[in-house]
$ cat coords-v3.txt   # compact mmCIF, C-alpha atoms
# COMPACT_ATOMS: atom_id res chain seq x y z
CA MET A 1 0.00 0.00 0.00
CA ASP A 2 1.51 3.35 -1.03
CA ARG A 3 2.06 6.15 1.47
CA GLU A 4 -0.79 8.36 0.22
CA LEU A 5 -3.33 5.53 0.29
CA HIS A 6 -2.24 4.53 3.79
CA ALA A 7 -2.58 8.14 4.97
CA ARG A 8 -6.17 8.11 3.70
CA LEU A 9 -6.76 4.77 5.43
CA ASP A 10 -5.42 6.24 8.69
CA GLU A 11 -7.84 9.15 8.38
CA LEU A 12 -10.76 6.79 7.78
CA GLN A 13 -9.80 4.54 10.68
CA ARG A 14 -9.33 7.35 13.20
CA ASP A 15 -12.89 8.56 12.52
CA PRO A 16 -14.89 6.14 10.37
CA TYR A 17 -18.33 7.43 11.34
CA PRO A 18 -18.69 10.12 8.63
CA HIS A 19 -17.78 7.47 6.03
CA TYR A 20 -20.40 5.13 7.48
CA ALA A 21 -23.06 7.84 7.37
CA ARG A 22 -22.39 8.57 3.69
CA ALA A 23 -22.45 4.86 2.86
CA ARG A 24 -25.76 4.33 4.67
CA ALA A 25 -27.31 7.24 2.75
CA ALA A 26 -26.07 5.98 -0.64
CA GLN A 27 -27.93 3.58 -2.90
CA GLY A 28 -26.66 0.02 -2.58
CA LEU A 29 -23.16 -0.65 -1.31
CA THR A 30 -20.21 1.74 -1.47
CA TYR A 31 -16.79 0.59 -2.64
CA VAL A 32 -13.99 2.04 -0.50
CA PRO A 33 -10.52 1.98 -2.15
CA GLU A 34 -8.74 2.52 1.18
CA LEU A 35 -10.24 -0.74 2.45
CA ASP A 36 -10.18 -2.44 -0.96
CA SER A 37 -13.67 -3.63 -0.07
CA TRP A 38 -17.36 -3.00 -0.46
CA LEU A 39 -18.52 -1.32 2.74
CA VAL A 40 -21.54 -2.92 4.45
CA VAL A 41 -22.88 -0.47 7.05
CA ARG A 42 -26.65 -0.86 7.44
CA ASP A 43 -27.84 -2.96 10.37
CA ALA A 44 -30.06 -5.17 8.20
CA ASP A 45 -27.31 -5.75 5.61
CA VAL A 46 -24.66 -6.62 8.20
CA ARG A 47 -27.05 -9.07 9.85
CA GLU A 48 -27.83 -10.65 6.48
CA VAL A 49 -24.15 -11.25 5.76
CA LEU A 50 -23.55 -12.71 9.23
CA ARG A 51 -26.47 -15.09 8.73
CA ARG A 52 -25.11 -16.32 5.38
CA PRO A 53 -21.59 -17.63 6.13
CA GLU A 54 -21.87 -20.05 3.22
CA ASP A 55 -22.06 -17.07 0.81
CA PHE A 56 -19.75 -14.69 2.70
CA SER A 57 -16.60 -16.53 3.77
CA SER A 58 -14.40 -15.47 6.70
CA ALA A 59 -11.23 -16.58 4.89
CA ASN A 60 -10.02 -12.96 4.57
CA ALA A 61 -11.20 -11.79 8.01
CA LEU A 62 -7.67 -10.93 9.16
CA ARG A 63 -6.20 -9.83 5.85
CA PRO A 64 -3.35 -7.40 6.61
CA ASP A 65 -3.53 -3.75 5.66
CA VAL A 66 0.22 -3.88 5.03
CA MET A 67 2.15 -6.82 3.57
CA PRO A 68 5.46 -7.19 5.46
CA ALA A 69 8.70 -6.93 3.52
CA PRO A 70 10.36 -10.18 2.37
CA ALA A 71 13.04 -9.82 5.07
CA ALA A 72 10.36 -9.64 7.79
CA LEU A 73 8.50 -12.59 6.28
CA ALA A 74 11.73 -14.57 6.36
CA VAL A 75 12.02 -13.89 10.09
CA LEU A 76 8.40 -14.93 10.65
CA ALA A 77 9.14 -18.23 8.92
CA GLY A 78 11.31 -19.15 11.91
CA GLY A 79 8.37 -19.04 14.29
CA PHE A 80 5.23 -21.04 14.95
CA GLY A 81 1.67 -20.41 13.84
CA GLY A 82 0.47 -19.41 10.40
CA ARG A 83 -2.47 -21.84 10.46
CA PRO A 84 -6.22 -21.13 10.12
CA VAL A 85 -7.84 -19.80 13.28
CA VAL A 86 -11.44 -19.59 14.40
CA VAL A 87 -12.14 -16.13 12.92
CA THR A 88 -10.81 -17.10 9.47
CA ALA A 89 -12.46 -20.53 9.17
CA ASP A 90 -15.83 -21.58 7.74
CA GLY A 91 -18.19 -24.53 8.05
CA ALA A 92 -17.05 -27.70 9.79
CA PRO A 93 -13.44 -26.52 10.34
CA HIS A 94 -14.78 -23.38 12.02
CA GLN A 95 -17.04 -25.44 14.29
CA ALA A 96 -14.13 -27.69 15.23
CA LEU A 97 -11.90 -24.72 16.06
CA ARG A 98 -14.65 -22.85 17.92
CA ALA A 99 -15.96 -25.69 20.10
CA PRO A 100 -13.04 -25.89 22.57
CA ILE A 101 -12.99 -22.10 22.91
CA VAL A 102 -16.69 -22.05 23.72
CA ARG A 103 -16.10 -24.76 26.34
CA GLY A 104 -13.07 -22.92 27.68
CA LEU A 105 -15.06 -19.68 27.98
CA SER A 106 -18.11 -21.34 29.51
CA PRO A 107 -20.11 -19.41 32.14
CA ALA A 108 -18.58 -21.61 34.85
CA ARG A 109 -15.01 -20.91 33.78
CA VAL A 110 -15.65 -17.20 33.33
CA GLY A 111 -17.29 -17.13 36.74
CA ALA A 112 -14.31 -18.88 38.26
CA VAL A 113 -11.85 -16.26 36.95
CA LEU A 114 -13.90 -13.22 38.02
CA PRO A 115 -12.62 -13.09 41.63
CA TYR A 116 -9.10 -12.89 40.23
CA ALA A 117 -10.19 -10.19 37.76
CA ALA A 118 -11.71 -8.13 40.58
CA GLU A 119 -8.62 -8.58 42.74
CA ARG A 120 -6.29 -7.60 39.89
CA ALA A 121 -8.42 -4.58 38.93
CA ALA A 122 -8.40 -3.33 42.52
CA ALA A 123 -4.63 -3.80 42.77
CA LEU A 124 -4.06 -1.79 39.58
CA LEU A 125 -6.29 0.96 40.93
CA ASP A 126 -4.41 0.94 44.22
CA GLY A 127 -1.26 1.68 42.26
CA PHE A 128 -2.40 5.11 41.09
CA GLU A 129 -5.43 6.14 43.17
CA LYS A 130 -3.38 8.49 45.40
CA ASP A 131 -1.66 10.20 42.44
CA GLY A 132 -4.61 12.32 41.30
CA ARG A 133 -3.78 11.64 37.66
CA VAL A 134 -3.29 8.59 35.44
CA GLU A 135 -2.82 7.65 31.82
CA LEU A 136 -5.45 4.93 31.89
CA MET A 137 -4.50 2.97 28.77
CA ALA A 138 -0.99 2.14 30.01
CA ALA A 139 -1.70 1.92 33.74
CA TYR A 140 -4.94 -0.05 33.67
CA ALA A 141 -6.76 -0.79 30.39
CA GLY A 142 -3.65 -2.24 28.78
CA LYS A 143 -2.91 -4.52 31.75
CA LEU A 144 -6.10 -5.99 33.21
CA PRO A 145 -7.40 -7.88 30.13
CA GLY A 146 -4.04 -9.52 29.42
CA ASP A 147 -3.73 -10.68 33.00
CA VAL A 148 -7.28 -12.05 33.02
CA ILE A 149 -7.11 -13.94 29.71
CA GLY A 150 -3.66 -15.21 30.69
CA ARG A 151 -5.09 -16.57 33.94
CA LEU A 152 -8.05 -18.17 32.18
CA VAL A 153 -5.87 -19.81 29.52
CA GLY A 154 -3.42 -21.03 32.14
CA PHE A 155 -0.23 -19.01 31.47
CA ASP A 156 2.32 -18.21 34.13
CA PRO A 157 1.61 -14.58 35.13
CA ALA A 158 5.30 -13.81 34.60
CA ASP A 159 4.92 -14.65 30.90
CA VAL A 160 1.84 -12.49 30.28
CA PRO A 161 3.55 -9.09 29.68
CA ALA A 162 5.76 -10.58 26.97
CA LEU A 163 2.77 -12.27 25.33
CA VAL A 164 0.78 -9.02 25.39
CA HIS A 165 3.77 -7.20 23.88
CA GLY A 166 4.03 -9.82 21.13
CA GLY A 167 0.35 -9.36 20.31
CA HIS A 168 0.81 -5.61 19.96
CA ARG A 169 3.83 -6.13 17.73
CA LEU A 170 1.94 -8.54 15.47
CA GLU A 171 -0.83 -5.98 15.06
CA GLU A 172 1.74 -3.30 14.22
CA LEU A 173 3.48 -5.53 11.70
CA LEU A 174 0.30 -6.37 9.79
CA PHE A 175 -1.62 -3.11 10.05
CA ARG A 176 0.90 -0.25 10.32
CA PRO A 177 3.43 1.05 7.75
CA LEU A 178 6.85 0.40 9.32
CA ALA A 179 10.36 0.88 7.96
CA GLU A 180 11.97 -2.43 7.00
CA ALA A 181 14.30 -2.47 10.02
CA GLU A 182 11.33 -1.95 12.35
CA GLN A 183 9.37 -4.66 10.52
CA ILE A 184 12.23 -7.08 11.14
CA ALA A 185 12.37 -6.09 14.83
CA ALA A 186 8.59 -6.56 15.15
CA ALA A 187 8.81 -9.94 13.41
CA GLU A 188 11.52 -11.01 15.86
CA ASP A 189 9.24 -10.08 18.77
CA VAL A 190 6.39 -12.07 17.21
CA VAL A 191 8.63 -15.11 16.69
CA ALA A 192 9.82 -14.89 20.29
CA MET A 193 6.19 -14.86 21.42
CA SER A 194 5.37 -17.89 19.26
CA HIS A 195 8.28 -19.89 20.70
CA ARG A 196 7.19 -18.97 24.22
CA VAL A 197 3.65 -20.17 23.46
CA ASP A 198 4.99 -23.38 21.86
CA ALA A 199 7.07 -24.18 24.94
CA PHE A 200 4.02 -23.61 27.10
CA VAL A 201 1.86 -25.87 24.90
CA ARG A 202 4.39 -28.71 25.04
CA ALA A 203 4.73 -28.38 28.81
CA ARG A 204 0.96 -28.47 29.27
CA ARG A 205 0.67 -31.52 27.00
CA ALA A 206 3.01 -33.33 29.37
CA ASP A 207 1.12 -32.05 32.41
CA PRO A 208 -2.59 -31.57 31.54
CA ARG A 209 -4.72 -29.40 33.82
CA GLU A 210 -8.27 -28.07 34.10
CA ASP A 211 -7.74 -24.99 31.93
CA LEU A 212 -8.55 -23.65 28.51
CA VAL A 213 -5.21 -24.53 26.93
CA THR A 214 -5.58 -28.20 27.90
CA GLU A 215 -9.05 -28.07 26.33
CA LEU A 216 -7.49 -26.76 23.11
CA ILE A 217 -4.67 -29.30 23.09
CA THR A 218 -7.09 -32.18 23.58
CA SER A 219 -9.28 -30.89 20.74
CA VAL A 220 -6.28 -30.92 18.39
CA ALA A 221 -4.29 -33.96 19.54
CA GLY A 222 -6.75 -36.01 21.55
CA PRO A 223 -6.49 -36.91 25.24
CA GLY A 224 -3.25 -38.04 26.82
CA ASP A 225 0.27 -36.71 27.17
CA GLY A 226 1.85 -38.06 23.98
CA GLU A 227 4.27 -35.81 22.09
CA LEU A 228 2.68 -33.30 19.72
CA THR A 229 3.53 -33.32 16.03
CA LEU A 230 5.11 -30.24 14.48
CA ASP A 231 1.90 -29.46 12.59
CA GLN A 232 -0.16 -29.75 15.79
CA ARG A 233 2.23 -27.35 17.51
CA HIS A 234 1.85 -24.84 14.68
CA GLU A 235 -1.95 -25.13 14.87
CA LEU A 236 -2.05 -24.69 18.63
CA VAL A 237 0.27 -21.68 18.62
CA ALA A 238 -1.82 -20.00 15.92
CA HIS A 239 -4.97 -20.74 17.91
CA LEU A 240 -3.58 -19.41 21.18
CA GLN A 241 -2.02 -16.30 19.66
CA ASN A 242 -5.35 -15.38 18.10
CA LEU A 243 -7.19 -16.09 21.35
CA LEU A 244 -4.77 -14.00 23.40
CA ILE A 245 -4.86 -11.05 21.02
CA ALA A 246 -8.66 -11.14 20.82
CA GLY A 247 -8.87 -11.62 24.58
CA HIS A 248 -6.80 -8.62 25.57
CA LEU A 249 -6.67 -6.05 22.76
CA THR A 250 -10.43 -5.88 22.25
CA THR A 251 -11.20 -5.57 25.96
CA THR A 252 -8.43 -3.00 26.40
CA ALA A 253 -10.06 -0.95 23.64
CA LEU A 254 -13.54 -1.37 25.13
CA ILE A 255 -12.39 -0.11 28.54
CA GLY A 256 -10.72 2.90 26.94
CA THR A 257 -13.60 3.96 24.71
CA THR A 258 -16.16 3.44 27.49
CA LEU A 259 -14.35 5.72 29.95
CA LEU A 260 -13.67 8.25 27.20
CA HIS A 261 -17.33 8.67 26.32
CA LEU A 262 -18.68 8.50 29.86
CA LEU A 263 -16.32 11.31 30.88
CA ARG A 264 -16.99 13.30 27.72
CA HIS A 265 -20.60 13.29 28.92
CA PRO A 266 -20.19 14.29 32.60
CA ARG A 267 -23.90 14.14 33.38
CA GLN A 268 -23.96 10.51 32.27
CA TRP A 269 -20.94 9.76 34.46
CA GLU A 270 -22.65 11.46 37.42
CA LEU A 271 -25.82 9.46 36.74
CA LEU A 272 -23.81 6.24 36.73
CA CYS A 273 -22.08 7.13 40.00
CA ALA A 274 -25.44 7.88 41.60
CA HIS A 275 -27.10 4.78 40.16
CA PRO A 276 -24.52 1.97 39.73
CA ASP A 277 -27.37 -0.38 38.84
CA ARG A 278 -27.20 1.30 35.41
CA ILE A 279 -23.72 -0.11 34.76
CA PRO A 280 -24.94 -3.03 32.56
CA ALA A 281 -26.92 -0.61 30.37
CA ALA A 282 -23.92 1.74 30.21
CA ILE A 283 -21.73 -1.13 29.00
CA GLU A 284 -24.13 -1.94 26.16
CA GLU A 285 -24.45 1.71 25.13
CA ALA A 286 -20.68 2.22 25.16
CA ALA A 287 -20.18 -0.92 23.07
CA ARG A 288 -22.81 0.29 20.60
CA TYR A 289 -21.78 3.92 20.42
CA ASP A 290 -18.08 3.45 19.65
CA THR A 291 -17.50 -0.18 18.82
CA ALA A 292 -14.09 -1.53 19.84
CA LEU A 293 -14.10 -4.11 17.04
CA GLN A 294 -15.37 -1.94 14.19
CA GLY A 295 -15.74 -4.82 11.79
CA PHE A 296 -14.30 -7.79 9.92
CA ARG A 297 -13.70 -8.59 6.29
CA ARG A 298 -15.60 -11.22 4.33
CA VAL A 299 -15.29 -12.50 0.75
CA THR A 300 -18.12 -13.80 -1.43
CA THR A 301 -18.01 -17.48 -2.34
CA ARG A 302 -20.37 -17.05 -5.32
CA ALA A 303 -22.13 -14.27 -7.19
CA VAL A 304 -24.59 -12.62 -4.79
CA THR A 305 -26.74 -9.50 -4.61
CA LEU A 306 -26.63 -7.47 -1.40
CA ALA A 307 -28.54 -4.22 -0.86
CA GLY A 308 -29.21 -4.16 -4.59
CA THR A 309 -25.51 -4.37 -5.49
CA GLU A 310 -24.35 -7.31 -7.56
CA LEU A 311 -21.15 -8.85 -6.22
CA PRO A 312 -19.21 -11.44 -8.26
CA ALA A 313 -17.61 -14.41 -6.54
CA GLY A 314 -14.42 -13.36 -4.77
CA SER A 315 -15.65 -9.84 -3.93
CA PRO A 316 -14.20 -8.47 -0.67
CA VAL A 317 -16.62 -6.79 1.74
CA PHE A 318 -16.01 -5.03 5.04
CA LEU A 319 -18.73 -5.68 7.61
CA ALA A 320 -18.84 -2.47 9.63
CA PHE A 321 -20.33 -3.39 13.00
CA GLY A 322 -19.62 0.18 14.06
CA GLY A 323 -21.64 1.47 11.10
CA ALA A 324 -24.58 -0.81 11.82
CA ASN A 325 -24.55 0.33 15.44
CA ARG A 326 -25.17 3.92 14.29
CA ASP A 327 -28.06 2.93 11.98
CA GLY A 328 -31.09 5.04 12.93
CA SER A 329 -33.50 2.38 11.70
CA ARG A 330 -32.33 0.17 14.58
CA HIS A 331 -31.15 2.77 17.13
CA PRO A 332 -33.12 6.07 17.35
CA ASP A 333 -30.85 9.14 17.63
CA PRO A 334 -27.89 6.85 16.95
CA ASP A 335 -25.21 9.54 17.29
CA ASP A 336 -26.30 10.37 20.86
CA PHE A 337 -24.46 8.66 23.72
CA ASP A 338 -27.22 7.75 26.16
CA ILE A 339 -26.82 5.18 28.94
CA THR A 340 -30.57 5.29 29.60
CA ARG A 341 -31.22 3.83 26.14
CA THR A 342 -33.45 0.78 26.53
CA ALA A 343 -32.57 -1.21 23.41
CA ALA A 344 -28.79 -0.75 23.16
CA ALA A 345 -28.26 -4.48 23.72
CA ARG A 346 -29.51 -5.13 20.17
CA HIS A 347 -26.15 -3.88 18.85
CA LEU A 348 -23.72 -5.95 16.77
CA SER A 349 -20.54 -5.13 18.69
CA PHE A 350 -19.91 -8.79 19.50
CA GLY A 351 -21.10 -10.17 16.17
CA LEU A 352 -24.00 -12.51 15.49
CA GLY A 353 -24.62 -16.12 14.58
CA VAL A 354 -21.90 -18.73 14.15
CA HIS A 355 -19.14 -16.11 14.48
CA ALA A 356 -20.55 -14.34 17.54
CA CYS A 357 -17.74 -13.53 19.97
CA PRO A 358 -17.41 -16.39 22.51
CA GLY A 359 -15.54 -14.05 24.88
CA SER A 360 -18.22 -11.36 25.06
CA THR A 361 -19.26 -12.29 28.60
CA LEU A 362 -15.66 -12.09 29.83
CA ALA A 363 -15.21 -8.67 28.20
CA ARG A 364 -18.46 -7.34 29.67
CA GLU A 365 -17.57 -8.64 33.13
CA GLN A 366 -14.17 -6.93 33.12
CA LEU A 367 -15.82 -3.66 32.13
CA ARG A 368 -18.47 -4.14 34.83
CA ILE A 369 -15.76 -4.65 37.46
CA THR A 370 -13.92 -1.57 36.18
CA LEU A 371 -16.97 0.69 36.30
CA GLU A 372 -18.05 -0.55 39.71
CA LEU A 373 -14.60 0.23 41.12
CA LEU A 374 -14.22 3.63 39.48
CA THR A 375 -17.71 4.92 40.25
CA ARG A 376 -17.32 3.89 43.89
CA ARG A 377 -13.72 4.95 44.50
CA MET A 378 -13.26 7.84 42.04
CA PRO A 379 -16.62 9.54 41.45
CA GLY A 380 -14.79 12.81 40.76
CA LEU A 381 -13.02 11.32 37.74
CA ARG A 382 -12.76 13.57 34.68
CA LEU A 383 -10.76 13.98 31.48
CA ALA A 384 -7.57 15.99 31.87
CA ASP A 385 -7.97 19.39 30.19
CA ASP A 386 -4.47 19.48 28.69
CA GLN A 387 -4.81 16.59 26.26
CA ARG A 388 -5.87 15.97 22.68
CA ILE A 389 -7.69 12.67 22.26
CA ILE A 390 -6.33 10.76 19.27
CA MET A 391 -7.92 7.47 18.31
CA ARG A 392 -5.73 4.59 17.21
CA PRO A 393 -5.72 4.14 13.42
CA THR A 394 -7.34 0.72 13.34
CA LEU A 395 -10.75 -0.77 12.73
CA ILE A 396 -9.92 -3.88 14.73
CA HIS A 397 -9.21 -2.48 18.21
CA ARG A 398 -10.53 1.08 18.21
CA SER A 399 -9.53 3.05 21.30
CA PRO A 400 -7.80 6.26 22.37
CA GLU A 401 -4.04 6.06 21.99
CA THR A 402 -3.73 7.61 25.45
CA LEU A 403 -6.34 8.70 27.98
CA ASP A 404 -5.26 11.09 30.73
CA LEU A 405 -7.68 11.23 33.66
CA VAL A 406 -7.63 13.39 36.79
CA TRP A 407 -9.63 13.44 40.03
$ encode --input "coords-v3.txt" --output "structure tokens"
Amino acid sequence: MDRELHARLDELQRDPYPHYARARAAQGLTYVPELDSWLVVRDADVREVLRRPEDFSSANALRPDVMPAPAALAVLAGGFGGRPVVVTADGAPHQALRAPIVRGLSPARVGAVLPYAAERAAALLDGFEKDGRVELMAAYAGKLPGDVIGRLVGFDPADVPALVHGGHRLEELLFRPLAEAEQIAAAEDVVAMSHRVDAFVRARRADPREDLVTELITSVAGPGDGELTLDQRHELVAHLQNLLIAGHLTTTALIGTTLLHLLRHPRQWELLCAHPDRIPAAIEEAARYDTALQGFRRVTTRAVTLAGTELPAGSPVFLAFGGANRDGSRHPDPDDFDITRTAAARHLSFGLGVHACPGSTLAREQLRITLELLTRRMPGLRLADDQRIIMRPTLIHRSPETLDLVW
């Protein structure tokens, strides 16, 4: 992607909502060169695509915005992974990949990790509560979700920061324009992460436990402690890397955008502090209003017609969950942030159908814990006056780059 096109893509990603509004008002679908895709933004159209996975494949769901240089690709070849994962699979393979994740993120397992999540959230808050000021993304939002998903999967807490760092570096490598030397450095970090995950997988195969990673290993290699094949190791590392990135980056973004908009609307924050029973509704409205996962790509498997637009087989589309969540036909006054909204839960922020996010309960619970703590312990919280909010240039994990708060 050339520099000018990527600059336009950055602009779109930092504030996609005007683009969504124009696309919703247009006849049919709108082709967006910056995304190299047909943009699907109406609630009804996004739901139709999600309900027709046989016609709209997920094979390109994680297609990079930037193709790494050959030297970086050569480095990546020395790592593990590179196999299909749950968000890029269809049909029976998708069901096989998804099943152990659904079991691993069952209500019972999520419930079992919540005391740890509450304890960890409180400890993070203890670390800055007396300071009167914090950059929330680094001090809290960027830490809690990684710790929680690491605990649920079964990782040693000492390994979690490196795994979180590797996830960030993989996102940078595939979605940001980097100089070749920086691409190589990022690829080295990703490879280091993959080897760390591989070592963990092999150790857990030899010593199975009641955790999500053992569930995944058994789904791939069957029960027992026999040695894993090289291909099984690649598959498991790919699976776990995707799960970790989805488990921490999306929730990090959701925490950041939720606090941003609550504090941009002080009366809503005051209402929440006075009535903490409104926290579940506030979570749904925040997820709807500024969706952390703005959307995923799909590709048509045959010639189809969508919203009156004829799409040949192989046509790329971008399903804009964030656009559907601002569709006035589903959400009255969609551009208003309103935690008293009664139907916000009908949003598409966590997908729909066979690809609905299996970790949505875990994400919601971490945000619930966060809001309960902050409304109780820091009701005077507000945005620092001396900052300019800049959103990260991504449609995958939309959040403020930094968020300075004072109290």
$ atom_distance --input "coords-v3.txt" --atom1 "CA of Arg330 in chain A" --atom2 "CA of Ala282 in chain A"
17.8 Å
$ closest_atom_pairs --input "coords-v3.txt" --of "range 99-165 of chain A" --to "range 85-88 of chain A" --cutoff "12 Å" --atoms "all atoms listed in the file" --output "tab-separated table"
residue	atom	partner	partner_atom	distance
A:Ala99	CA	A:Val86	CA	9.5
A:Pro100	CA	A:Val86	CA	10.4
A:Ile101	CA	A:Val86	CA	9.0
A:Val102	CA	A:Val86	CA	11.0
$ residues_around --input "coords-v3.txt" --residues "Ala59 in chain A" --least-positions-apart "5" --cutoff "8 Å" --atoms "all atoms listed in the file" --output "JSON, numbers by chain"
{"A": [88, 89, 90, 298, 299]}
$ closest_atom_pairs --input "coords-v3.txt" --of "range 100-190 of chain A" --to "range 387-399 of chain A" --cutoff "12 Å" --atoms "only C-alpha atoms" --output "CSV"
residue,atom,partner,partner_atom,distance
A:Glu135,CA,A:Gln387,CA,10.7
A:Leu136,CA,A:Ser399,CA,11.5
A:Met137,CA,A:Ser399,CA,9.0
A:Ala141,CA,A:Ser399,CA,10.2
A:Gly142,CA,A:Ser399,CA,10.9
A:Gly167,CA,A:His397,CA,12.0
A:His168,CA,A:His397,CA,10.6
A:Glu171,CA,A:Ile396,CA,9.3
A:Glu172,CA,A:Thr394,CA,10.0
A:Leu174,CA,A:Thr394,CA,11.0
A:Phe175,CA,A:Thr394,CA,7.6
A:Arg176,CA,A:Pro393,CA,8.5
A:Pro177,CA,A:Pro393,CA,11.2
$ closest_residue --input "coords-v3.txt" --among "A:Ala138, A:Leu367, A:Ala274, A:Ala206" --to "Glu401 in chain A" --atoms "only C-alpha atoms"
A:Ala138
$ closest_residue --input "coords-v3.txt" --among "A:Arg8, A:Arg3, A:Asn325, A:Gly91" --to "His355 in chain A" --atoms "only C-alpha atoms"
A:Gly91
$ atom_distance --input "coords-v3.txt" --atom1 "CA of Asp338 in chain A" --atom2 "CA of Arg14 in chain A"
22.1 Å
$ residues_around --input "coords-v3.txt" --residues "Leu374 in chain A" --least-positions-apart "5" --cutoff "9 Å" --atoms "all atoms listed in the file" --output "list in words"
Leu125, Cys273, Ile369, Pro379 and Leu381 of chain A
$ atom_distance --input "coords-v3.txt" --atom1 "CA of Asp225 in chain A" --atom2 "CA of Leu212 in chain A"
15.8 Å
$ closest_residue --input "coords-v3.txt" --among "A:His347, A:Arg109, A:Arg42, A:His234" --to "Asp198 in chain A" --atoms "all atoms listed in the file"
A:His234
$ closest_residue --input "coords-v3.txt" --among "A:Pro316, A:Gly104, A:Gly127, A:Gly323" --to "Thr214 in chain A" --atoms "only C-alpha atoms"
A:Gly104
$ residues_around --input "coords-v3.txt" --residues "Arg133 in chain A" --least-positions-apart "3" --cutoff "12 Å" --atoms "all atoms listed in the file" --output "PyMOL selection string"
chain A and resi 125+127-130+136+139+378+380-386+403-407
$ residues_around --input "coords-v3.txt" --residues "range 285-291 of chain A" --least-positions-apart "2" --cutoff "9 Å" --atoms "all atoms listed in the file" --output "ChimeraX atom specification"
/A:253-254,257-259,261-262,280-283,293-295,321-323,325-326,334-341,343-350,397-399
$ closest_residue --input "coords-v3.txt" --among "A:Ala44, A:Leu371, A:Ala72, A:Leu362" --to "Leu114 in chain A" --atoms "all atoms listed in the file"
A:Leu362
$ closest_residue --input "coords-v3.txt" --among "A:Ala25, A:Ala292, A:Cys357, A:Ile255" --to "Gln13 in chain A" --atoms "only C-alpha atoms"
A:Ala292
$ decode --input "coords-v3.txt" --residues "range 309-320 of chain A" --atoms "N, CA, C and O atoms" --output "PDB file, in the first residue's frame"
ATOM      1  N   THR A 309     -26.803  -4.388  -4.793  1.00  0.00           N
ATOM      2  CA  THR A 309     -25.513  -4.367  -5.487  1.00  0.00           C
ATOM      3  C   THR A 309     -25.109  -5.788  -5.847  1.00  0.00           C
ATOM      4  O   THR A 309     -25.097  -6.676  -4.985  1.00  0.00           O
ATOM      5  N   GLU A 310     -24.779  -5.996  -7.114  1.00  0.00           N
ATOM      6  CA  GLU A 310     -24.345  -7.315  -7.564  1.00  0.00           C
ATOM      7  C   GLU A 310     -22.861  -7.488  -7.286  1.00  0.00           C
ATOM      8  O   GLU A 310     -22.034  -6.664  -7.698  1.00  0.00           O
ATOM      9  N   LEU A 311     -22.535  -8.561  -6.596  1.00  0.00           N
ATOM     10  CA  LEU A 311     -21.148  -8.847  -6.225  1.00  0.00           C
ATOM     11  C   LEU A 311     -20.728 -10.165  -6.850  1.00  0.00           C
ATOM     12  O   LEU A 311     -21.324 -11.204  -6.552  1.00  0.00           O
ATOM     13  N   PRO A 312     -19.708 -10.172  -7.714  1.00  0.00           N
ATOM     14  CA  PRO A 312     -19.213 -11.439  -8.262  1.00  0.00           C
ATOM     15  C   PRO A 312     -18.565 -12.291  -7.175  1.00  0.00           C
ATOM     16  O   PRO A 312     -18.236 -11.800  -6.088  1.00  0.00           O
ATOM     17  N   ALA A 313     -18.357 -13.555  -7.455  1.00  0.00           N
ATOM     18  CA  ALA A 313     -17.609 -14.411  -6.537  1.00  0.00           C
ATOM     19  C   ALA A 313     -16.225 -13.822  -6.317  1.00  0.00           C
ATOM     20  O   ALA A 313     -15.604 -13.290  -7.238  1.00  0.00           O
ATOM     21  N   GLY A 314     -15.746 -13.891  -5.090  1.00  0.00           N
ATOM     22  CA  GLY A 314     -14.424 -13.358  -4.767  1.00  0.00           C
ATOM     23  C   GLY A 314     -14.411 -11.883  -4.422  1.00  0.00           C
ATOM     24  O   GLY A 314     -13.334 -11.289  -4.274  1.00  0.00           O
ATOM     25  N   SER A 315     -15.584 -11.272  -4.264  1.00  0.00           N
ATOM     26  CA  SER A 315     -15.646  -9.838  -3.931  1.00  0.00           C
ATOM     27  C   SER A 315     -15.381  -9.636  -2.433  1.00  0.00           C
ATOM     28  O   SER A 315     -16.023 -10.269  -1.593  1.00  0.00           O
ATOM     29  N   PRO A 316     -14.451  -8.742  -2.088  1.00  0.00           N
ATOM     30  CA  PRO A 316     -14.203  -8.465  -0.667  1.00  0.00           C
ATOM     31  C   PRO A 316     -15.212  -7.464  -0.129  1.00  0.00           C
ATOM     32  O   PRO A 316     -15.544  -6.481  -0.782  1.00  0.00           O
ATOM     33  N   VAL A 317     -15.727  -7.736   1.065  1.00  0.00           N
ATOM     34  CA  VAL A 317     -16.617  -6.790   1.736  1.00  0.00           C
ATOM     35  C   VAL A 317     -16.075  -6.548   3.143  1.00  0.00           C
ATOM     36  O   VAL A 317     -15.408  -7.403   3.722  1.00  0.00           O
ATOM     37  N   PHE A 318     -16.355  -5.339   3.656  1.00  0.00           N
ATOM     38  CA  PHE A 318     -16.008  -5.027   5.038  1.00  0.00           C
ATOM     39  C   PHE A 318     -17.295  -4.834   5.809  1.00  0.00           C
ATOM     40  O   PHE A 318     -18.080  -3.925   5.531  1.00  0.00           O
ATOM     41  N   LEU A 319     -17.540  -5.736   6.776  1.00  0.00           N
ATOM     42  CA  LEU A 319     -18.727  -5.675   7.610  1.00  0.00           C
ATOM     43  C   LEU A 319     -18.478  -4.685   8.735  1.00  0.00           C
ATOM     44  O   LEU A 319     -17.748  -4.974   9.676  1.00  0.00           O
ATOM     45  N   ALA A 320     -19.084  -3.524   8.652  1.00  0.00           N
ATOM     46  CA  ALA A 320     -18.837  -2.468   9.634  1.00  0.00           C
ATOM     47  C   ALA A 320     -19.842  -2.563  10.778  1.00  0.00           C
ATOM     48  O   ALA A 320     -20.926  -1.984  10.728  1.00  0.00           O
TER      49      ALA A 320
END
